[in-house]
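Undergrad: Coordinates in query15.txt, compact mmCIF, C-alpha atoms, are listed below.
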```txt
# COMPACT_ATOMS: atom_id res chain seq x y z
CA LYS C 1 -56.15 23.68 -27.65
CA GLN C 2 -54.12 23.62 -24.45
CA GLU C 3 -55.93 24.72 -21.30
CA VAL C 4 -54.46 25.01 -17.83
CA THR C 5 -56.63 24.81 -14.73
CA GLN C 6 -55.66 25.50 -11.15
CA ILE C 7 -57.54 24.33 -8.09
CA PRO C 8 -58.35 25.79 -5.64
CA ALA C 9 -58.74 29.39 -6.79
CA ALA C 10 -58.04 30.58 -3.26
CA LEU C 11 -56.65 28.95 -0.14
CA SER C 12 -56.15 30.19 3.41
CA VAL C 13 -54.20 28.12 5.94
CA PRO C 14 -52.53 28.77 9.31
CA GLU C 15 -48.79 29.29 9.45
CA GLY C 16 -46.72 26.13 9.68
CA GLU C 17 -48.99 23.88 7.67
CA ASN C 18 -47.84 21.93 4.65
CA LEU C 19 -49.99 22.50 1.60
CA VAL C 20 -50.48 21.38 -1.98
CA LEU C 21 -51.54 23.44 -4.97
CA ASN C 22 -52.92 21.63 -7.98
CA CYS C 23 -52.55 22.24 -11.69
CA SER C 24 -53.99 20.29 -14.61
CA PHE C 25 -53.51 20.68 -18.34
CA THR C 26 -55.54 19.23 -21.18
CA ASP C 27 -52.81 18.33 -23.68
CA SER C 28 -50.04 16.12 -22.31
CA ALA C 29 -47.70 17.09 -25.17
CA ILE C 30 -45.83 19.77 -23.28
CA TYR C 31 -42.23 20.89 -23.46
CA ASN C 32 -42.00 22.06 -19.86
CA LEU C 33 -44.06 23.26 -16.92
CA GLN C 34 -43.26 26.22 -14.72
CA TRP C 35 -44.58 27.50 -11.41
CA PHE C 36 -44.55 31.24 -10.81
CA ARG C 37 -45.32 33.46 -7.88
CA GLN C 38 -46.94 36.87 -8.18
CA ASP C 39 -47.12 39.35 -5.33
CA PRO C 40 -49.71 42.15 -5.46
CA GLY C 41 -48.59 44.90 -7.82
CA LYS C 42 -45.43 43.02 -8.72
CA GLY C 43 -44.20 40.96 -11.63
CA LEU C 44 -43.88 37.22 -11.96
CA THR C 45 -41.13 35.34 -10.17
CA SER C 46 -40.20 31.92 -11.46
CA LEU C 47 -40.16 29.31 -8.68
CA LEU C 48 -39.56 25.98 -10.38
CA LEU C 49 -39.29 24.73 -13.95
CA ILE C 50 -39.81 21.06 -14.78
CA GLN C 51 -38.80 19.72 -18.17
CA SER C 52 -41.15 17.20 -19.78
CA SER C 53 -38.68 14.39 -19.13
CA GLN C 54 -38.50 15.16 -15.41
CA ARG C 55 -40.82 14.06 -12.61
CA GLU C 56 -40.07 16.69 -10.01
CA GLN C 57 -37.99 19.68 -8.99
CA THR C 58 -37.16 20.99 -5.53
CA SER C 59 -36.07 24.37 -4.24
CA GLY C 60 -35.92 24.92 -0.52
CA ARG C 61 -39.37 24.35 0.97
CA LEU C 62 -40.93 23.98 -2.47
CA ASN C 63 -41.36 20.77 -4.41
CA ALA C 64 -43.10 20.54 -7.77
CA SER C 65 -44.10 17.28 -9.39
CA LEU C 66 -45.13 16.52 -12.95
CA ASP C 67 -47.22 13.63 -14.25
CA LYS C 68 -47.35 14.35 -17.94
CA SER C 69 -49.45 11.34 -18.88
CA SER C 70 -52.28 12.37 -16.58
CA GLY C 71 -51.85 16.09 -17.27
CA ARG C 72 -51.18 17.06 -13.67
CA SER C 73 -48.69 18.96 -11.59
CA THR C 74 -48.60 19.78 -7.90
CA LEU C 75 -46.69 22.40 -5.96
CA TYR C 76 -45.96 21.33 -2.40
CA ILE C 77 -45.06 24.01 0.13
CA ALA C 78 -43.63 22.78 3.41
CA ALA C 79 -43.91 24.61 6.73
CA SER C 80 -45.77 27.56 5.25
CA GLN C 81 -44.93 31.10 6.37
CA PRO C 82 -46.84 34.40 6.09
CA GLY C 83 -44.28 35.50 3.49
CA ASP C 84 -45.54 32.72 1.24
CA SER C 85 -48.81 34.62 0.77
CA ALA C 86 -49.11 35.40 -2.95
CA THR C 87 -50.78 34.17 -6.12
CA TYR C 88 -49.21 31.00 -7.52
CA LEU C 89 -49.40 30.43 -11.26
CA CYS C 90 -48.89 27.24 -13.19
CA ALA C 91 -47.83 27.55 -16.84
CA VAL C 92 -46.90 25.18 -19.66
CA ARG C 93 -44.93 25.44 -22.87
CA ARG C 94 -46.04 23.20 -25.71
CA TYR C 95 -43.46 22.71 -28.46
CA SER C 96 -40.12 24.19 -27.59
CA SER C 97 -38.30 26.24 -25.03
CA ALA C 98 -39.11 29.37 -27.04
CA SER C 99 -42.80 28.80 -27.66
CA LYS C 100 -45.46 30.78 -25.85
CA ILE C 101 -46.34 30.08 -22.24
CA ILE C 102 -49.95 29.18 -21.40
CA PHE C 103 -50.99 30.16 -17.90
CA GLY C 104 -53.56 28.91 -15.46
CA SER C 105 -55.68 31.45 -13.61
CA GLY C 106 -53.74 30.98 -10.40
CA THR C 107 -54.29 30.07 -6.76
CA ARG C 108 -54.41 32.96 -4.31
CA LEU C 109 -52.69 31.72 -1.15
CA SER C 110 -53.01 33.38 2.24
CA ILE C 111 -50.99 32.17 5.22
CA ARG C 112 -52.46 33.26 8.56
CA PRO C 113 -49.95 34.08 11.33
CA GLU D 1 -27.50 42.32 -14.38
CA ALA D 2 -30.68 44.33 -15.01
CA GLY D 3 -33.87 42.35 -15.41
CA VAL D 4 -36.75 42.98 -17.78
CA THR D 5 -37.87 46.57 -17.39
CA GLN D 6 -41.25 47.97 -18.32
CA PHE D 7 -42.41 51.58 -18.60
CA PRO D 8 -44.61 53.06 -17.35
CA SER D 9 -45.59 51.07 -14.28
CA HIS D 10 -49.06 52.59 -14.35
CA SER D 11 -51.05 54.44 -16.99
CA VAL D 12 -54.54 55.92 -16.80
CA ILE D 13 -55.98 57.16 -20.07
CA GLU D 14 -59.37 58.05 -21.45
CA LYS D 15 -61.22 55.90 -23.92
CA GLY D 16 -60.17 56.80 -27.43
CA GLN D 17 -56.69 57.95 -26.49
CA THR D 18 -53.43 56.31 -27.49
CA VAL D 19 -50.99 54.66 -25.11
CA THR D 20 -47.56 53.21 -25.78
CA LEU D 21 -46.02 50.67 -23.44
CA ARG D 22 -42.32 49.93 -23.51
CA CYS D 23 -40.33 46.84 -22.62
CA ASP D 24 -36.57 46.60 -22.26
CA PRO D 25 -35.59 42.91 -22.23
CA ILE D 26 -32.52 41.47 -20.59
CA SER D 27 -29.53 42.46 -22.70
CA GLY D 28 -28.76 39.86 -25.34
CA HIS D 29 -32.11 38.07 -25.13
CA ASP D 30 -33.42 37.39 -28.63
CA ASN D 31 -36.88 36.26 -27.55
CA LEU D 32 -39.34 38.89 -26.33
CA TYR D 33 -42.95 38.18 -25.38
CA TRP D 34 -45.96 40.31 -24.52
CA TYR D 35 -48.74 39.01 -22.28
CA ARG D 36 -51.67 40.63 -20.56
CA ARG D 37 -54.03 39.90 -17.69
CA VAL D 38 -57.42 41.47 -17.74
CA MET D 39 -59.48 41.61 -14.56
CA GLY D 40 -60.50 38.19 -13.32
CA LYS D 41 -58.92 36.29 -16.17
CA GLU D 42 -55.70 34.34 -16.63
CA ILE D 43 -52.56 35.80 -18.16
CA LYS D 44 -52.81 35.47 -21.92
CA PHE D 45 -50.18 35.52 -24.62
CA LEU D 46 -50.19 38.40 -27.09
CA LEU D 47 -47.14 37.97 -29.28
CA HIS D 48 -43.55 36.77 -29.57
CA PHE D 49 -40.57 38.46 -31.21
CA VAL D 50 -37.36 36.75 -32.19
CA LYS D 51 -34.98 39.65 -32.53
CA GLU D 52 -36.93 42.17 -34.63
CA SER D 53 -39.21 39.62 -36.32
CA LYS D 54 -42.70 38.67 -35.16
CA GLN D 55 -42.57 34.92 -34.61
CA ASP D 56 -46.13 34.50 -33.36
CA GLU D 57 -48.77 37.20 -33.07
CA SER D 58 -51.75 34.90 -32.71
CA GLY D 59 -52.74 36.43 -29.37
CA MET D 60 -53.12 40.02 -30.53
CA PRO D 61 -56.78 40.86 -29.88
CA ASN D 62 -57.40 43.21 -32.80
CA ASN D 63 -55.81 45.79 -35.07
CA ARG D 64 -55.90 48.48 -32.39
CA PHE D 65 -52.78 46.83 -30.98
CA LEU D 66 -49.44 47.35 -32.68
CA ALA D 67 -46.18 45.91 -31.43
CA GLU D 68 -42.73 46.78 -32.71
CA ARG D 69 -39.18 45.80 -31.91
CA THR D 70 -36.99 47.89 -34.14
CA GLY D 71 -33.35 46.84 -34.01
CA GLY D 72 -34.19 43.80 -31.98
CA THR D 73 -33.67 45.50 -28.64
CA TYR D 74 -36.53 47.16 -26.78
CA SER D 75 -40.14 46.71 -27.81
CA THR D 76 -43.19 48.94 -27.77
CA LEU D 77 -46.86 48.00 -27.65
CA LYS D 78 -49.20 50.71 -28.82
CA VAL D 79 -52.93 50.69 -28.23
CA GLN D 80 -54.82 53.08 -30.52
CA PRO D 81 -57.55 53.95 -29.83
CA ALA D 82 -57.86 52.48 -26.35
CA GLU D 83 -61.14 50.91 -25.25
CA LEU D 84 -62.42 50.15 -21.75
CA GLU D 85 -61.84 46.41 -22.18
CA ASP D 86 -58.13 47.03 -22.77
CA SER D 87 -57.67 47.70 -19.06
CA GLY D 88 -55.42 45.21 -17.36
CA VAL D 89 -51.80 44.43 -16.60
CA TYR D 90 -49.45 44.05 -19.54
CA PHE D 91 -46.39 41.88 -18.96
CA CYS D 92 -43.25 41.55 -21.00
CA ALA D 93 -40.86 38.63 -20.82
CA SER D 94 -37.57 37.73 -22.46
CA SER D 95 -35.46 34.64 -22.90
CA PRO D 96 -32.13 33.85 -24.59
CA GLN D 97 -31.60 32.63 -28.13
CA GLY D 98 -32.95 29.10 -28.47
CA GLY D 99 -35.37 29.57 -25.62
CA GLY D 100 -35.02 28.60 -21.99
CA GLU D 101 -36.45 30.14 -18.87
CA ALA D 102 -38.43 33.31 -19.49
CA PHE D 103 -37.91 36.28 -17.19
CA PHE D 104 -40.82 38.61 -16.63
CA GLY D 105 -40.99 42.33 -16.04
CA GLN D 106 -43.01 44.01 -13.32
CA GLY D 107 -45.85 44.76 -15.70
CA THR D 108 -47.66 47.92 -16.75
CA ARG D 109 -51.09 48.45 -15.22
CA LEU D 110 -53.26 50.12 -17.84
CA THR D 111 -56.57 51.66 -16.85
CA VAL D 112 -58.87 53.02 -19.54
CA VAL D 113 -61.64 55.27 -18.20
```
Would you put the structure from the file into structure tokens?

TA:
Amino acid sequence: KQEVTQIPAALSVPEGENLVLNCSFTDSAIYNLQWFRQDPGKGLTSLLLIQSSQREQTSGRLNASLDKSSGRSTLYIAASQPGDSATYLCAVRRYSSASKIIFGSGTRLSIRP
Amino acid sequence: EAGVTQFPSHSVIEKGQTVTLRCDPISGHDNLYWYRRVMGKEIKFLLHFVKESKQDESGMPNNRFLAERTGGTYSTLKVQPAELEDSGVYFCASSPQGGGEAFFGQGTRLTVV
């Protein structure tokens, strides 16, 4: 059974710092891994999607890495801003691009001005 | 292009009542998913439609939950009768034929009192 764990559960850092969010999954046989952002009372916004054959993806100040063999992914946020405050969710798909997504419980990030 | 739309955004009902949630996927998306997040827990998969057919309903908690997708367009999720533990946020997502990135709706916050 695939399980996704995110550490830490909550993180508070001052504006401008670079930070890393961690995600681990128990079964390395994944199809892809996706990082989402959720703002309070809002839906999920996809940030980055990494296919199982890829090692990393970048979008602006965000960089996500994937080490499938060790069951780990990291989301790196450079030069953090107060607008980055949100809950960040890591999620994996097991078999195909249409199979269900399995989510971690998220990291609640707060950026202090 | 309109995204995934969910109705209502909030619903407060009494224990024992019936509630129906609706999801309008992105036009042309064959895959439609329901997920929910109960307080303090991770987002969990409920079921997956491919067009009007249930592809995977392994996450449905019990027979008080009934999902339909007549005509392969919008979907409804009915909870009858509702229990206190059904409270949470119900998300819908859709993706194109063959899979690919899933797009999520804003969610419906259900409170059973």

Undergrad: With all atoms listed in the file as the basis for distance, which of D:Thr73, D:Ser11, D:Leu46, D:Val19 is at the shortest distance from chain C?

TA: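 Looking only at the distances to chain C, the closest residue turns out to be D:Leu46.
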
Undergrad: Return the single residue from C:Leu44, C:Ser70, C:Ile50, C:Val92 that is closest to D:Ala93, with distances computed using all atoms listed in the file.

TA: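 The closest residue to D:Ala93 is C:Leu44.
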
Undergrad: May I have the residues of chain D within 9 Å of chain C, counting only C-alpha atoms, written as a VMD selection string?

TA: chain D and resid 31 33 40 to 45 47 to 48 56 91 95 to 107 109

Undergrad: One decimal, Å: what's the distance from atom CA of C:Ser24 over to atom CA of D:Val4, could you say?

TA: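 Spanning atom CA of C:Ser24 to atom CA of D:Val4 is a straight-line distance of 28.7 Å.
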
Undergrad: Using only C-alpha atoms - which residues lie no farther than 10 Å from the point (-58.0, 29.4, -5.2) in the file's frame? Write them as a list in words.

TA: Gln6, Ile7, Pro8, Ala9, Ala10, Leu11, Ser12, Leu21, Asn22, Thr87, Tyr88, Ser105, Gly106, Thr107, Arg108, Leu109 and Ser110 of chain C

Undergrad: Considering all atoms listed in the file, state which residue in the set C:Cys23, C:Ala79, C:Ala86, C:Ile30 is at the smallest distance from C:Ser65.

TA: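 Using all atoms listed in the file, C:Ser65 sits closest to C:Cys23.
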
Undergrad: Can you list, as number ranges by chain, every protein, DNA or RNA residue that comes within 8 Å of stretch 77-90 of chain D when you count all atoms listed in the file, leaving out same-chain residues fewer than 3 positions away?

TA: D: 14-22, 34-39, 64-68, 107-113

Undergrad: Using atom CA of D:Gly59 and atom CA of C:Gln54 as the two end points, give the distance in Å to one decimal.

TA: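 Between atom CA of D:Gly59 and atom CA of C:Gln54 the gap is 29.2 Å.
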
Undergrad: C:Lys1: which residues within 12 Å, counting only C-alpha atoms, same-chain residues fewer than 4 positions away excluded, as a PyMOL selection string?

TA: chain C and resi 25-30+94+102

Undergrad: Give me a file of those residues, with C-alpha atoms, as a short mmCIF file (atom, residue, chain, number, x, y, z; two decimals), in the frame of the given file.

TA:
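Contents of part_19.cif, freshly written:
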```
data_model
loop_
_atom_site.label_atom_id
_atom_site.label_comp_id
_atom_site.auth_asym_id
_atom_site.auth_seq_id
_atom_site.Cartn_x
_atom_site.Cartn_y
_atom_site.Cartn_z
CA PHE C 25 -53.51 20.68 -18.34
CA THR C 26 -55.54 19.23 -21.18
CA ASP C 27 -52.81 18.33 -23.68
CA SER C 28 -50.04 16.12 -22.31
CA ALA C 29 -47.70 17.09 -25.17
CA ILE C 30 -45.83 19.77 -23.28
CA ARG C 94 -46.04 23.20 -25.71
CA ILE C 102 -49.95 29.18 -21.40
#
```

Undergrad: Record the distance separating atom CA of C:Pro14 and atom CA of C:Pro113, expressed in Å with one decimal.

TA: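 About the pair atom CA of C:Pro14 and atom CA of C:Pro113: they are 6.2 Å apart.
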
Undergrad: Given the choices C:Cys90, C:Ala64, C:Val13, C:Ala78, which gets closest to C:Phe36 if the distance is worked out from only C-alpha atoms?

TA: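 Comparing C:Cys90, C:Ala64, C:Val13, C:Ala78 against C:Phe36, the winner is C:Cys90.
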
Undergrad: With distances taken over all atoms listed in the file, which of C:Ser85, C:Glu15, C:Leu66, C:Ile111 is nearest to C:Asp39?

TA: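 Counting all atoms listed in the file, the residue closest to C:Asp39 is C:Ser85.
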